[in-house]
file my_file.cif (mmCIF, C-alpha atoms)
data_model
#
loop_
_atom_site.label_atom_id
_atom_site.label_comp_id
_atom_site.auth_asym_id
_atom_site.auth_seq_id
_atom_site.Cartn_x
_atom_site.Cartn_y
_atom_site.Cartn_z
CA MET X 23 9.99 143.05 45.37
CA ASN X 24 11.48 146.31 46.54
CA SER X 25 15.05 146.65 45.19
CA THR X 26 15.72 149.92 46.99
CA PRO X 27 18.86 149.61 49.17
CA PRO X 28 18.03 149.72 52.87
CA THR X 29 18.74 152.67 55.08
CA PRO X 30 22.39 152.66 56.23
CA ARG X 31 22.91 150.98 59.58
CA ARG X 32 26.15 150.88 61.54
CA ASN X 33 27.58 147.38 61.78
CA THR X 34 30.80 147.10 63.66
CA PHE X 35 34.02 145.20 63.47
CA PHE X 36 36.07 145.65 66.60
CA GLY X 37 34.11 148.87 67.18
CA SER X 38 34.06 150.40 63.67
CA THR X 39 32.09 150.06 60.46
CA VAL X 40 33.26 147.53 57.88
CA PHE X 41 33.62 148.94 54.33
CA SER X 42 32.58 152.34 55.65
CA ARG X 43 33.00 155.69 53.92
CA GLY X 44 35.88 156.58 56.24
CA SER X 45 36.65 160.11 57.31
CA TYR X 46 35.36 163.00 55.21
CA ALA X 47 38.88 164.29 54.44
CA GLU X 48 39.99 160.81 53.40
CA ALA X 49 36.93 160.40 51.17
CA LEU X 50 37.70 163.71 49.42
CA ARG X 51 41.35 162.78 48.90
CA ILE X 52 40.55 159.33 47.56
CA GLY X 53 37.84 160.79 45.32
CA GLU X 54 40.42 163.04 43.71
CA ILE X 55 42.77 160.09 43.20
CA LEU X 56 39.99 158.10 41.58
CA ARG X 57 39.23 160.94 39.14
CA LYS X 58 42.88 161.11 38.06
CA GLU X 59 43.14 157.33 37.76
CA THR X 60 40.01 157.35 35.60
CA VAL X 61 41.71 159.56 33.02
CA GLY X 62 44.84 157.43 33.28
CA GLY X 63 42.81 154.29 32.75
CA ALA X 64 41.29 155.69 29.54
CA LEU X 65 44.78 156.56 28.25
CA LEU X 66 46.01 153.12 29.29
CA VAL X 67 43.31 151.35 27.31
CA ALA X 68 43.87 153.62 24.29
CA ALA X 69 47.62 152.94 24.31
CA ALA X 70 47.07 149.18 24.56
CA VAL X 71 44.56 149.17 21.69
CA ILE X 72 46.92 151.18 19.46
CA ALA X 73 49.77 148.78 20.27
CA LEU X 74 47.63 145.71 19.48
CA ILE X 75 46.42 147.14 16.18
CA TRP X 76 49.92 148.22 15.14
CA ALA X 77 51.52 144.89 16.18
CA ASN X 78 48.99 142.96 14.05
CA SER X 79 48.99 145.29 11.05
CA PRO X 80 51.09 145.09 7.86
CA ALA X 81 53.39 147.64 9.54
CA SER X 82 54.03 145.39 12.55
CA ASP X 83 57.78 145.23 11.89
CA SER X 84 58.07 148.95 12.57
CA TYR X 85 56.34 148.52 15.95
CA PHE X 86 58.69 145.78 17.10
CA SER X 87 61.71 147.66 15.74
CA LEU X 88 60.67 150.69 17.78
CA ARG X 89 60.05 148.60 20.90
CA ASP X 90 63.42 146.85 20.61
CA PHE X 91 65.47 149.92 19.69
CA LYS X 92 68.26 150.27 22.27
CA VAL X 93 69.30 153.49 23.97
CA GLY X 94 71.61 154.13 26.92
CA TYR X 95 75.09 153.78 28.34
CA ALA X 96 76.33 150.18 28.25
CA PRO X 97 79.13 150.43 30.90
CA TRP X 98 76.50 151.35 33.49
CA HIS X 99 74.24 148.45 32.39
CA LEU X 100 71.80 151.03 31.05
CA GLU X 101 71.80 150.20 27.33
CA LEU X 102 68.19 149.10 27.22
CA SER X 103 65.49 148.77 24.61
CA LEU X 104 62.69 151.31 24.65
CA GLY X 105 60.39 148.59 25.93
CA ALA X 106 62.78 147.85 28.80
CA TRP X 107 63.15 151.56 29.59
CA ALA X 108 59.37 151.75 29.84
CA ALA X 109 59.19 148.70 32.14
CA ASP X 110 62.19 149.51 34.33
CA GLY X 111 62.29 153.30 34.13
CA LEU X 112 58.87 154.81 33.52
CA LEU X 113 57.11 152.21 35.63
CA ALA X 114 59.34 153.21 38.56
CA ILE X 115 57.36 156.48 38.56
CA PHE X 116 54.16 154.47 38.95
CA PHE X 117 55.69 152.50 41.83
CA PHE X 118 56.93 155.73 43.41
CA LEU X 119 53.29 156.83 43.59
CA VAL X 120 52.40 153.42 45.00
CA GLY X 121 55.02 153.93 47.72
CA LEU X 122 53.63 157.37 48.54
CA GLU X 123 50.07 156.06 48.68
CA LEU X 124 50.96 153.04 50.80
CA LYS X 125 52.80 155.14 53.36
CA ARG X 126 50.05 157.76 53.36
CA GLU X 127 47.35 155.16 53.97
CA PHE X 128 49.12 153.33 56.79
CA VAL X 129 50.59 156.42 58.52
CA ALA X 130 47.83 159.02 58.25
CA GLY X 131 44.97 157.45 56.31
CA ASP X 132 42.03 155.42 57.54
CA LEU X 133 44.05 152.20 57.15
CA ARG X 134 46.24 153.13 60.11
CA GLN X 135 43.39 151.73 62.20
CA LEU X 136 43.49 147.94 62.39
CA SER X 137 39.70 147.76 62.44
CA LYS X 138 39.52 149.52 59.07
CA SER X 139 42.55 147.93 57.42
CA ILE X 140 42.00 144.30 58.37
CA VAL X 141 39.22 143.64 55.84
CA PRO X 142 40.79 145.14 52.68
CA VAL X 143 44.20 143.73 53.63
CA ALA X 144 42.80 140.25 54.17
CA ALA X 145 40.67 140.51 51.01
CA ALA X 146 43.74 141.56 49.01
CA VAL X 147 45.73 138.62 50.36
CA GLY X 148 42.93 136.27 49.38
CA GLY X 149 42.72 137.93 45.97
CA VAL X 150 46.43 137.23 45.46
CA ALA X 151 46.64 133.72 46.91
CA VAL X 152 43.71 132.07 45.12
CA PRO X 153 44.68 133.18 41.56
CA ALA X 154 48.27 132.04 42.23
CA VAL X 155 47.04 128.62 43.37
CA ILE X 156 44.72 128.26 40.35
CA TYR X 157 47.55 129.15 37.94
CA ALA X 158 49.90 126.72 39.71
CA VAL X 159 47.36 123.88 39.49
CA VAL X 160 46.84 124.45 35.76
CA ASN X 161 50.61 124.55 35.12
CA LEU X 162 51.65 121.97 37.71
CA SER X 163 53.02 119.54 35.11
CA SER X 164 55.20 122.21 33.46
CA PRO X 165 58.03 123.61 35.63
CA GLU X 166 58.93 125.98 32.79
CA THR X 167 55.56 127.76 32.86
CA LEU X 168 55.04 127.42 36.62
CA ARG X 169 57.34 130.41 37.04
CA GLY X 170 54.48 132.66 35.95
CA TRP X 171 52.38 131.91 39.05
CA ALA X 172 52.38 135.58 40.11
CA ILE X 173 51.02 136.96 36.82
CA PRO X 174 47.29 136.73 37.71
CA THR X 175 47.75 138.11 41.24
CA ALA X 176 47.75 141.84 40.37
CA THR X 177 44.88 144.31 39.95
CA ASP X 178 45.24 147.29 37.63
CA ILE X 179 43.79 150.19 39.59
CA ALA X 180 43.74 152.67 36.69
CA PHE X 181 41.93 150.28 34.35
CA ALA X 182 39.51 149.10 37.04
CA VAL X 183 38.70 152.62 38.22
CA ALA X 184 38.11 153.77 34.64
CA VAL X 185 35.53 150.98 34.19
CA LEU X 186 33.95 151.78 37.56
CA ALA X 187 33.67 155.48 36.68
CA ILE X 188 31.82 154.64 33.47
CA ILE X 189 29.36 152.13 34.92
CA GLY X 190 29.06 153.06 38.60
CA SER X 191 28.29 156.75 39.00
CA HIS X 192 25.67 156.08 41.71
CA LEU X 193 27.36 153.26 43.61
CA PRO X 194 28.16 153.92 47.30
CA SER X 195 31.42 155.76 47.86
CA ALA X 196 32.49 153.05 50.33
CA LEU X 197 32.71 150.58 47.43
CA ARG X 198 35.02 152.89 45.49
CA ILE X 199 37.23 153.37 48.53
CA PHE X 200 37.28 149.60 49.07
CA LEU X 201 38.43 149.04 45.48
CA LEU X 202 41.23 151.60 45.83
CA THR X 203 42.48 150.31 49.17
CA LEU X 204 42.24 146.74 47.90
CA ALA X 205 44.38 147.66 44.89
CA VAL X 206 46.88 149.59 47.05
CA VAL X 207 47.47 146.55 49.28
CA ASP X 208 47.52 144.38 46.16
CA ASP X 209 50.35 146.58 44.81
CA LEU X 210 52.29 146.15 48.06
CA ILE X 211 52.07 142.38 47.73
CA ALA X 212 53.09 142.61 44.06
CA ILE X 213 56.14 144.70 44.98
CA THR X 214 57.15 142.12 47.58
CA ILE X 215 56.74 139.30 45.06
CA ILE X 216 58.83 141.12 42.45
CA ALA X 217 61.57 141.93 44.98
CA PHE X 218 61.86 138.40 46.40
CA PHE X 219 60.92 136.10 43.52
CA TYR X 220 61.90 137.97 40.37
CA SER X 221 65.31 139.33 41.32
CA SER X 222 68.36 137.37 40.19
CA ASP X 223 72.15 137.52 40.34
CA ILE X 224 72.09 140.04 43.16
CA GLN X 225 75.20 142.25 43.16
CA ALA X 226 76.03 143.40 46.68
CA VAL X 227 78.27 146.35 45.77
CA PRO X 228 75.78 148.43 43.74
CA LEU X 229 73.01 147.47 46.18
CA LEU X 230 75.02 148.81 49.13
CA LEU X 231 76.04 151.89 47.15
CA ALA X 232 72.35 152.57 46.44
CA LEU X 233 71.83 153.11 50.17
CA ILE X 234 74.01 156.25 50.04
CA PRO X 235 71.90 158.40 47.65
CA LEU X 236 68.74 156.89 49.16
CA ALA X 237 69.83 157.97 52.66
CA ILE X 238 70.72 161.48 51.44
CA TYR X 239 67.37 161.69 49.63
CA ALA X 240 65.49 160.60 52.77
CA PHE X 241 67.42 163.02 54.99
CA LEU X 242 66.77 166.01 52.73
CA ALA X 243 63.11 165.12 52.23
CA GLN X 244 62.58 164.78 55.98
CA LYS X 245 64.71 167.75 57.07
CA TYR X 246 63.56 170.24 54.44
CA ARG X 247 60.04 169.01 53.78
CA ARG X 248 58.63 172.55 53.97
CA PHE X 249 61.18 173.82 51.44
CA PHE X 250 60.44 171.07 48.90
CA GLY X 251 56.71 171.49 49.48
CA ARG X 252 56.85 175.20 48.63
CA HIS X 253 59.39 175.09 45.79
CA ALA X 254 58.48 172.54 43.13
CA ALA X 255 61.65 173.21 41.14
CA ALA X 256 63.81 172.22 44.13
CA ALA X 257 62.47 168.67 44.05
CA TRP X 258 63.37 168.37 40.35
CA LEU X 259 66.86 169.84 40.79
CA ILE X 260 67.86 168.18 44.07
CA LEU X 261 65.75 165.13 44.86
CA LEU X 262 65.25 163.85 41.31
CA PRO X 263 69.01 163.38 40.58
CA LEU X 264 69.41 161.51 43.89
CA GLY X 265 66.42 159.35 43.00
CA ALA X 266 67.83 158.65 39.54
CA VAL X 267 71.17 157.53 40.99
CA THR X 268 69.37 155.29 43.49
CA TRP X 269 67.30 153.80 40.66
CA ALA X 270 70.39 153.15 38.49
CA LEU X 271 72.27 151.41 41.33
CA VAL X 272 69.28 149.26 42.27
CA HIS X 273 68.91 148.34 38.58
CA ALA X 274 72.58 147.35 38.43
CA SER X 275 72.23 145.26 41.61
CA GLY X 276 69.87 142.76 39.98
CA ILE X 277 66.80 143.79 41.98
CA HIS X 278 64.06 145.04 39.69
CA ALA X 279 64.40 148.80 39.39
CA THR X 280 60.74 149.49 40.17
CA VAL X 281 61.52 148.54 43.78
CA ALA X 282 63.67 151.69 43.92
CA GLY X 283 60.57 153.75 43.14
CA VAL X 284 58.78 152.25 46.13
CA LEU X 285 61.73 152.88 48.46
CA LEU X 286 61.94 156.50 47.34
CA GLY X 287 58.21 156.88 47.96
CA PHE X 288 58.56 155.42 51.45
CA ALA X 289 61.32 157.96 52.22
CA VAL X 290 59.01 160.96 51.76
CA PRO X 291 57.42 162.27 55.00
CA VAL X 292 53.65 162.05 55.25
CA ILE X 293 52.86 164.37 58.15
CA ARG X 294 53.79 168.05 58.29
CA SER X 295 56.49 169.02 60.77
CA GLN X 296 55.61 171.06 63.85
CA ALA X 297 57.56 173.98 62.37
CA SER X 298 55.10 173.94 59.48
CA GLY X 299 52.07 173.86 61.74
CA GLY X 300 51.78 170.13 62.35
CA PRO X 301 49.32 167.62 60.84
CA GLU X 302 46.36 170.00 61.04
CA ALA X 303 48.04 172.74 58.95
CA GLY X 304 47.52 171.01 55.61
CA PRO X 305 48.85 168.18 53.43
CA GLY X 306 52.31 166.73 54.07
CA LEU X 307 55.07 166.38 51.50
CA ALA X 308 53.91 162.90 50.42
CA GLU X 309 50.47 164.23 49.48
CA ILE X 310 52.01 167.26 47.74
CA PHE X 311 54.28 164.98 45.70
CA GLU X 312 51.31 162.77 44.93
CA HIS X 313 49.44 165.74 43.44
CA ARG X 314 52.49 166.74 41.41
CA PHE X 315 53.53 163.37 40.04
CA ARG X 316 50.30 161.39 39.64
CA PRO X 317 49.44 163.12 36.33
CA ILE X 318 52.90 162.13 35.04
CA SER X 319 52.38 158.54 36.13
CA ALA X 320 48.77 158.16 34.97
CA GLY X 321 49.06 160.31 31.85
CA VAL X 322 52.53 159.43 30.56
CA ALA X 323 54.46 156.65 32.29
CA VAL X 324 51.82 153.92 32.51
CA PRO X 325 50.27 154.48 29.04
CA ILE X 326 53.74 154.37 27.42
CA PHE X 327 54.52 151.16 29.30
CA ALA X 328 51.20 149.70 28.13
CA PHE X 329 51.99 150.74 24.56
CA PHE X 330 55.30 148.86 24.54
CA SER X 331 54.10 145.87 26.56
CA ALA X 332 50.62 145.15 25.18
CA GLY X 333 51.72 144.89 21.54
CA VAL X 334 51.72 141.18 20.72
CA ALA X 335 51.40 139.59 17.28
CA VAL X 336 48.41 137.29 17.76
CA GLY X 337 48.70 135.59 14.37
CA GLY X 338 45.04 135.64 13.39
CA TRP X 339 42.32 133.36 14.70
CA GLU X 340 44.60 130.32 14.54
CA GLY X 341 47.27 132.09 16.58
CA LEU X 342 44.67 133.33 19.05
CA GLY X 343 43.33 129.81 19.53
CA SER X 344 46.84 128.48 20.03
CA ALA X 345 47.62 131.18 22.60
CA LEU X 346 44.41 130.66 24.55
CA SER X 347 44.94 126.89 24.67
CA ASP X 348 48.38 127.35 26.24
CA PRO X 349 48.29 126.49 29.98
CA VAL X 350 49.98 129.84 30.61
CA ALA X 351 47.08 131.84 29.16
CA LEU X 352 44.49 129.44 30.58
CA GLY X 353 45.95 129.72 34.08
CA ILE X 354 45.99 133.51 33.85
CA ILE X 355 42.40 133.73 32.62
CA LEU X 356 41.07 131.36 35.28
CA GLY X 357 43.17 133.08 37.93
CA LEU X 358 41.96 136.59 37.15
CA VAL X 359 38.35 135.90 36.19
CA LEU X 360 37.58 133.22 38.80
CA GLY X 361 40.41 133.38 41.32
CA LYS X 362 40.17 137.08 42.10
CA PRO X 363 36.44 137.15 43.00
CA ILE X 364 36.69 133.83 44.83
CA GLY X 365 39.67 135.01 46.87
CA ILE X 366 38.26 138.44 47.69
CA MET X 367 34.68 137.34 48.36
CA GLY X 368 35.71 134.17 50.17
CA THR X 369 38.12 135.94 52.51
CA THR X 370 35.62 138.70 53.27
CA TRP X 371 32.82 136.20 53.91
CA VAL X 372 35.03 134.15 56.26
CA LEU X 373 35.90 137.31 58.21
CA THR X 374 32.26 138.22 58.65
CA LYS X 375 31.43 134.70 59.86
CA ALA X 376 34.45 134.23 62.11
CA THR X 377 34.17 137.62 63.82
CA ARG X 378 31.58 140.26 64.68
CA ALA X 379 32.24 141.88 61.31
CA SER X 380 29.37 142.53 58.91
CA LEU X 381 28.82 144.58 55.81
CA ASP X 382 27.71 148.16 56.10
CA SER X 383 24.03 147.98 55.22
CA SER X 384 24.31 150.79 52.66
CA PHE X 385 25.17 148.07 50.14
CA LYS X 386 24.88 144.33 49.64
CA TRP X 387 27.07 141.32 48.94
CA ILE X 388 26.25 141.54 45.24
CA ASP X 389 27.97 144.95 45.20
CA VAL X 390 31.10 143.46 46.74
CA PHE X 391 30.92 140.66 44.17
CA GLY X 392 30.87 143.23 41.36
CA VAL X 393 33.95 144.99 42.76
CA ALA X 394 35.67 141.62 43.21
CA LEU X 395 35.02 140.87 39.53
CA LEU X 396 36.45 144.28 38.67
CA ALA X 397 39.62 143.39 40.61
CA GLY X 398 40.16 140.68 37.99
CA ILE X 399 41.36 143.37 35.60
CA GLY X 400 45.07 142.67 35.83
CA PHE X 401 46.99 144.73 33.33
CA THR X 402 49.99 146.91 34.16
CA VAL X 403 51.69 144.85 36.87
CA SER X 404 50.55 141.57 35.28
CA LEU X 405 52.26 142.53 32.01
CA LEU X 406 55.40 143.42 33.95
CA VAL X 407 55.44 140.12 35.87
CA ALA X 408 54.87 138.21 32.60
CA GLU X 409 58.00 139.78 31.12
CA LEU X 410 59.96 139.02 34.29
CA SER X 411 58.70 135.43 34.27
CA PHE X 412 59.35 134.42 30.68
CA GLY X 413 61.55 137.06 29.09
CA HIS X 414 60.50 139.93 26.86
CA GLY X 415 59.16 138.74 23.49
CA SER X 416 59.30 134.99 24.22
CA LEU X 417 56.47 132.69 23.12
CA HIS X 418 55.23 132.18 26.67
CA ASP X 419 55.40 135.93 27.26
CA ASP X 420 53.27 136.54 24.16
CA HIS X 421 50.75 133.91 25.26
CA ALA X 422 50.72 135.40 28.76
CA LYS X 423 49.92 138.83 27.30
CA VAL X 424 47.05 137.36 25.30
CA GLY X 425 45.75 135.75 28.49
CA ILE X 426 46.07 138.99 30.45
CA LEU X 427 44.25 141.00 27.79
CA ALA X 428 41.50 138.39 27.40
CA ALA X 429 41.02 137.98 31.15
CA SER X 430 40.92 141.74 31.74
CA LEU X 431 38.30 142.15 29.03
CA VAL X 432 36.15 139.31 30.37
CA ALA X 433 36.46 140.60 33.96
CA ALA X 434 35.49 144.11 32.85
CA LEU X 435 32.44 142.82 30.95
CA LEU X 436 31.24 140.61 33.83
CA ALA X 437 31.71 143.43 36.33
CA THR X 438 29.82 145.76 34.00
CA VAL X 439 26.84 143.41 33.87
CA VAL X 440 26.67 143.16 37.68
CA LEU X 441 27.48 146.75 38.63
CA ARG X 442 25.34 148.45 35.95
CA THR X 443 22.31 146.64 37.33
CA ARG X 444 23.19 147.69 40.87
CA ASN X 445 24.01 151.22 39.73
CA ARG X 446 20.55 151.50 38.17
CA GLN X 447 18.92 150.47 41.44
CA TYR X 448 20.95 152.99 43.45
CA ARG X 449 20.05 155.70 40.91
CA LEU X 450 16.34 154.91 41.24
CA ALA X 451 16.67 154.98 45.02
CA GLU X 452 18.27 158.42 44.86
CA GLU X 453 15.51 159.69 42.59
CA LEU X 454 12.83 158.40 44.98
CA GLU X 455 14.60 160.09 47.89
CA GLN X 456 14.71 163.32 45.91
CA VAL X 457 10.96 163.12 45.18
CA ASP X 458 10.25 162.51 48.85
CA SER X 459 12.44 165.47 49.76
CA ASP X 460 10.59 167.71 47.28
CA HIS X 461 7.32 166.72 48.98
CA ASP X 462 8.68 167.69 52.39
CA GLY X 463 9.04 164.10 53.39
CA VAL X 464 5.41 163.16 52.65
CA PRO X 465 5.24 159.82 50.79
CA ASP X 466 3.99 159.92 47.17
CA VAL X 467 1.24 157.41 47.87
CA TYR X 468 -0.22 159.60 50.60
CA GLN X 469 -0.16 162.71 48.41
CA GLU X 470 -1.89 160.90 45.56
CA ARG X 471 -4.65 159.73 47.90
CA THR X 472 -5.16 163.23 49.33
#
call {"tool": "encode", "arguments": {"input": "my_file.cif", "output": "structure tokens"}}
result
Amino acid sequence: MNSTPPTPRRNTFFGSTVFSRGSYAEALRIGEILRKETVGGALLVAAAVIALIWANSPASDSYFSLRDFKVGYAPWHLELSLGAWAADGLLAIFFFLVGLELKREFVAGDLRQLSKSIVPVAAAVGGVAVPAVIYAVVNLSSPETLRGWAIPTATDIAFAVAVLAIIGSHLPSALRIFLLTLAVVDDLIAITIIAFFYSSDIQAVPLLLALIPLAIYAFLAQKYRRFFGRHAAAAWLILLPLGAVTWALVHASGIHATVAGVLLGFAVPVIRSQASGGPEAGPGLAEIFEHRFRPISAGVAVPIFAFFSAGVAVGGWEGLGSALSDPVALGIILGLVLGKPIGIMGTTWVLTKATRASLDSSFKWIDVFGVALLAGIGFTVSLLVAELSFGHGSLHDDHAKVGILAASLVAALLATVVLRTRNRQYRLAEELEQVDSDHDGVPDVYQERT
């Protein structure tokens, strides 16, 4: 049987290709993002491994003492442990990048077109809903643990992209773009969940006060976008203090502070002003900020968060067995490993059957299945939601972390099995095409016979 992927054929959904490569400029931009996220994913995994080893070593007390060491100004509600600073403060940088990317995609990216955004958006919704339902079913008899229903809904883009970079060097670029856009929409849903379901004791005064520095920040970013684009120091000296004040007030209001990062990202203009030459003159301020701050997010903020959040004392094989038998961990594992691929694949399949949509013939359903398995790697946001659900350092939080780590590992291994096989077939196809090209398009069989 010939396993060579068929020649690409344009299948349309409302007039455009489903899971297509997108525009050339968008493909280049997303390719650069994927490369940076790959490095960040490697650092993320390294930080998590170090934390796990340290937390289960004879020196574990020093790890937990470091994580729980408090720093900050108490009258402003900012006397937090280092672990909380990582979750509330450093992770706001990650969500700031999420805000920039979301706005960029829906204002100037390929996702501004309904025909191109409908599939990844719907797939992301399915990939959130099904894991949440599975977790809820497993924990239905326990109202105390049911609060963690949102834990298995998130996909860790850095971790997933790092795995994809290692195992999928020859996979179609459209699959990589699909994974990134899927994760971006997934992040938007996660932000909404955190804002509406994991905010408590809302304080109106600091929330209203937060609108003042946010409005000034947005005005300056919009009015002087060219100035901040040319002078990197200006953003640090002017916009950063305004962003910090906004973050502190949102934190004091009872809404999770990472939401402030998203709002600040949304406030940055995407398209260049006419005075700067308009959209065709080059990247807008959002893309410039993305280039500047993504290394900080991927290389510093997220790995430090992972270091302080992934460290859980398992308690040996007995403790591991106890954790994995907890409905919390079981619901998370089933949600991420089974729920994610079922939700993503099921929603995509229904779309193709209910409409004129069909897969681009440059790849097959098995490729989408591999990416859907990869989306089951829920790490950064899942760890955050676990802490918000059960409280930092609680027994259920520890069991949730074990479930997240186990599920992410299993999802990565399953995706590796599927995608490495497909990657090998795409590599062989490329080699055959190269041989044919070297022979000026004359098939090998014909040359051997002549």
call {"tool": "residues_around", "arguments": {"input": "my_file.cif", "residues": "region 179-193 of chain X", "least_positions_apart": "3", "cutoff": "8 Å", "atoms": "all atoms listed in the file", "output": "CSV table (one decimal) with C-alpha atoms, keeping the file's coordinate frame"}}
result
chain,number,residue,atom,x,y,z
X,56,LEU,CA,40.0,158.1,41.6
X,59,GLU,CA,43.1,157.3,37.8
X,60,THR,CA,40.0,157.4,35.6
X,61,VAL,CA,41.7,159.6,33.0
X,62,GLY,CA,44.8,157.4,33.3
X,63,GLY,CA,42.8,154.3,32.8
X,64,ALA,CA,41.3,155.7,29.5
X,66,LEU,CA,46.0,153.1,29.3
X,67,VAL,CA,43.3,151.4,27.3
X,197,LEU,CA,32.7,150.6,47.4
X,198,ARG,CA,35.0,152.9,45.5
X,202,LEU,CA,41.2,151.6,45.8
X,205,ALA,CA,44.4,147.7,44.9
X,320,ALA,CA,48.8,158.2,35.0
X,396,LEU,CA,36.4,144.3,38.7
X,397,ALA,CA,39.6,143.4,40.6
X,399,ILE,CA,41.4,143.4,35.6
X,401,PHE,CA,47.0,144.7,33.3
X,434,ALA,CA,35.5,144.1,32.8
X,438,THR,CA,29.8,145.8,34.0
X,441,LEU,CA,27.5,146.8,38.6
X,442,ARG,CA,25.3,148.4,36.0
X,444,ARG,CA,23.2,147.7,40.9
X,445,ASN,CA,24.0,151.2,39.7
X,446,ARG,CA,20.6,151.5,38.2
X,448,TYR,CA,21.0,153.0,43.4
X,449,ARG,CA,20.0,155.7,40.9
call {"tool": "resolve_selection", "arguments": {"input": "my_file.cif", "expression": "the PyMOL selection byres ((chain X and resi 270-277) around 12)", "output": "PyMOL selection string"}}
result
chain X and resi 94-102+106-107+109-111+114+213-236+263-269+278-286+410
call {"tool": "write_last_selection", "arguments": {"input": "my_file.cif", "atoms": "C-alpha atoms", "output": "CSV table (one decimal), in the frame of the given file"}}
result
chain,number,residue,atom,x,y,z
X,94,GLY,CA,71.6,154.1,26.9
X,95,TYR,CA,75.1,153.8,28.3
X,96,ALA,CA,76.3,150.2,28.2
X,97,PRO,CA,79.1,150.4,30.9
X,98,TRP,CA,76.5,151.4,33.5
X,99,HIS,CA,74.2,148.4,32.4
X,100,LEU,CA,71.8,151.0,31.0
X,101,GLU,CA,71.8,150.2,27.3
X,102,LEU,CA,68.2,149.1,27.2
X,106,ALA,CA,62.8,147.8,28.8
X,107,TRP,CA,63.2,151.6,29.6
X,109,ALA,CA,59.2,148.7,32.1
X,110,ASP,CA,62.2,149.5,34.3
X,111,GLY,CA,62.3,153.3,34.1
X,114,ALA,CA,59.3,153.2,38.6
X,213,ILE,CA,56.1,144.7,45.0
X,214,THR,CA,57.2,142.1,47.6
X,215,ILE,CA,56.7,139.3,45.1
X,216,ILE,CA,58.8,141.1,42.4
X,217,ALA,CA,61.6,141.9,45.0
X,218,PHE,CA,61.9,138.4,46.4
X,219,PHE,CA,60.9,136.1,43.5
X,220,TYR,CA,61.9,138.0,40.4
X,221,SER,CA,65.3,139.3,41.3
X,222,SER,CA,68.4,137.4,40.2
X,223,ASP,CA,72.2,137.5,40.3
X,224,ILE,CA,72.1,140.0,43.2
X,225,GLN,CA,75.2,142.2,43.2
X,226,ALA,CA,76.0,143.4,46.7
X,227,VAL,CA,78.3,146.4,45.8
X,228,PRO,CA,75.8,148.4,43.7
X,229,LEU,CA,73.0,147.5,46.2
X,230,LEU,CA,75.0,148.8,49.1
X,231,LEU,CA,76.0,151.9,47.2
X,232,ALA,CA,72.4,152.6,46.4
X,233,LEU,CA,71.8,153.1,50.2
X,234,ILE,CA,74.0,156.2,50.0
X,235,PRO,CA,71.9,158.4,47.6
X,236,LEU,CA,68.7,156.9,49.2
X,263,PRO,CA,69.0,163.4,40.6
X,264,LEU,CA,69.4,161.5,43.9
X,265,GLY,CA,66.4,159.4,43.0
X,266,ALA,CA,67.8,158.6,39.5
X,267,VAL,CA,71.2,157.5,41.0
X,268,THR,CA,69.4,155.3,43.5
X,269,TRP,CA,67.3,153.8,40.7
X,278,HIS,CA,64.1,145.0,39.7
X,279,ALA,CA,64.4,148.8,39.4
X,280,THR,CA,60.7,149.5,40.2
X,281,VAL,CA,61.5,148.5,43.8
X,282,ALA,CA,63.7,151.7,43.9
X,283,GLY,CA,60.6,153.8,43.1
X,284,VAL,CA,58.8,152.2,46.1
X,285,LEU,CA,61.7,152.9,48.5
X,286,LEU,CA,61.9,156.5,47.3
X,410,LEU,CA,60.0,139.0,34.3
call {"tool": "atom_distance", "arguments": {"input": "my_file.cif", "atom1": "CA of Glu123 (chain X)", "atom2": "CA of Pro153 (chain X)"}}
result
24.6 Å
call {"tool": "resolve_selection", "arguments": {"input": "my_file.cif", "expression": "the PyMOL selection byres ((chain X and resi 318) around 12)", "output": "VMD selection string"}}
result
chain X and resid 58 to 59 61 to 62 65 112 to 116 118 to 119 311 to 317 319 to 326
call {"tool": "residues_near_point", "arguments": {"input": "my_file.cif", "point": "(53.7, 136.8, 25.9)", "cutoff": "12 Å", "atoms": "all atoms listed in the file", "output": "VMD selection string"}}
result
chain X and resid 167 170 173 331 to 336 342 345 to 346 348 350 to 351 354 404 to 427
call {"tool": "atom_distance", "arguments": {"input": "my_file.cif", "atom1": "CA of Arg252 (chain X)", "atom2": "CA of Gly306 (chain X)"}}
result
11.0 Å
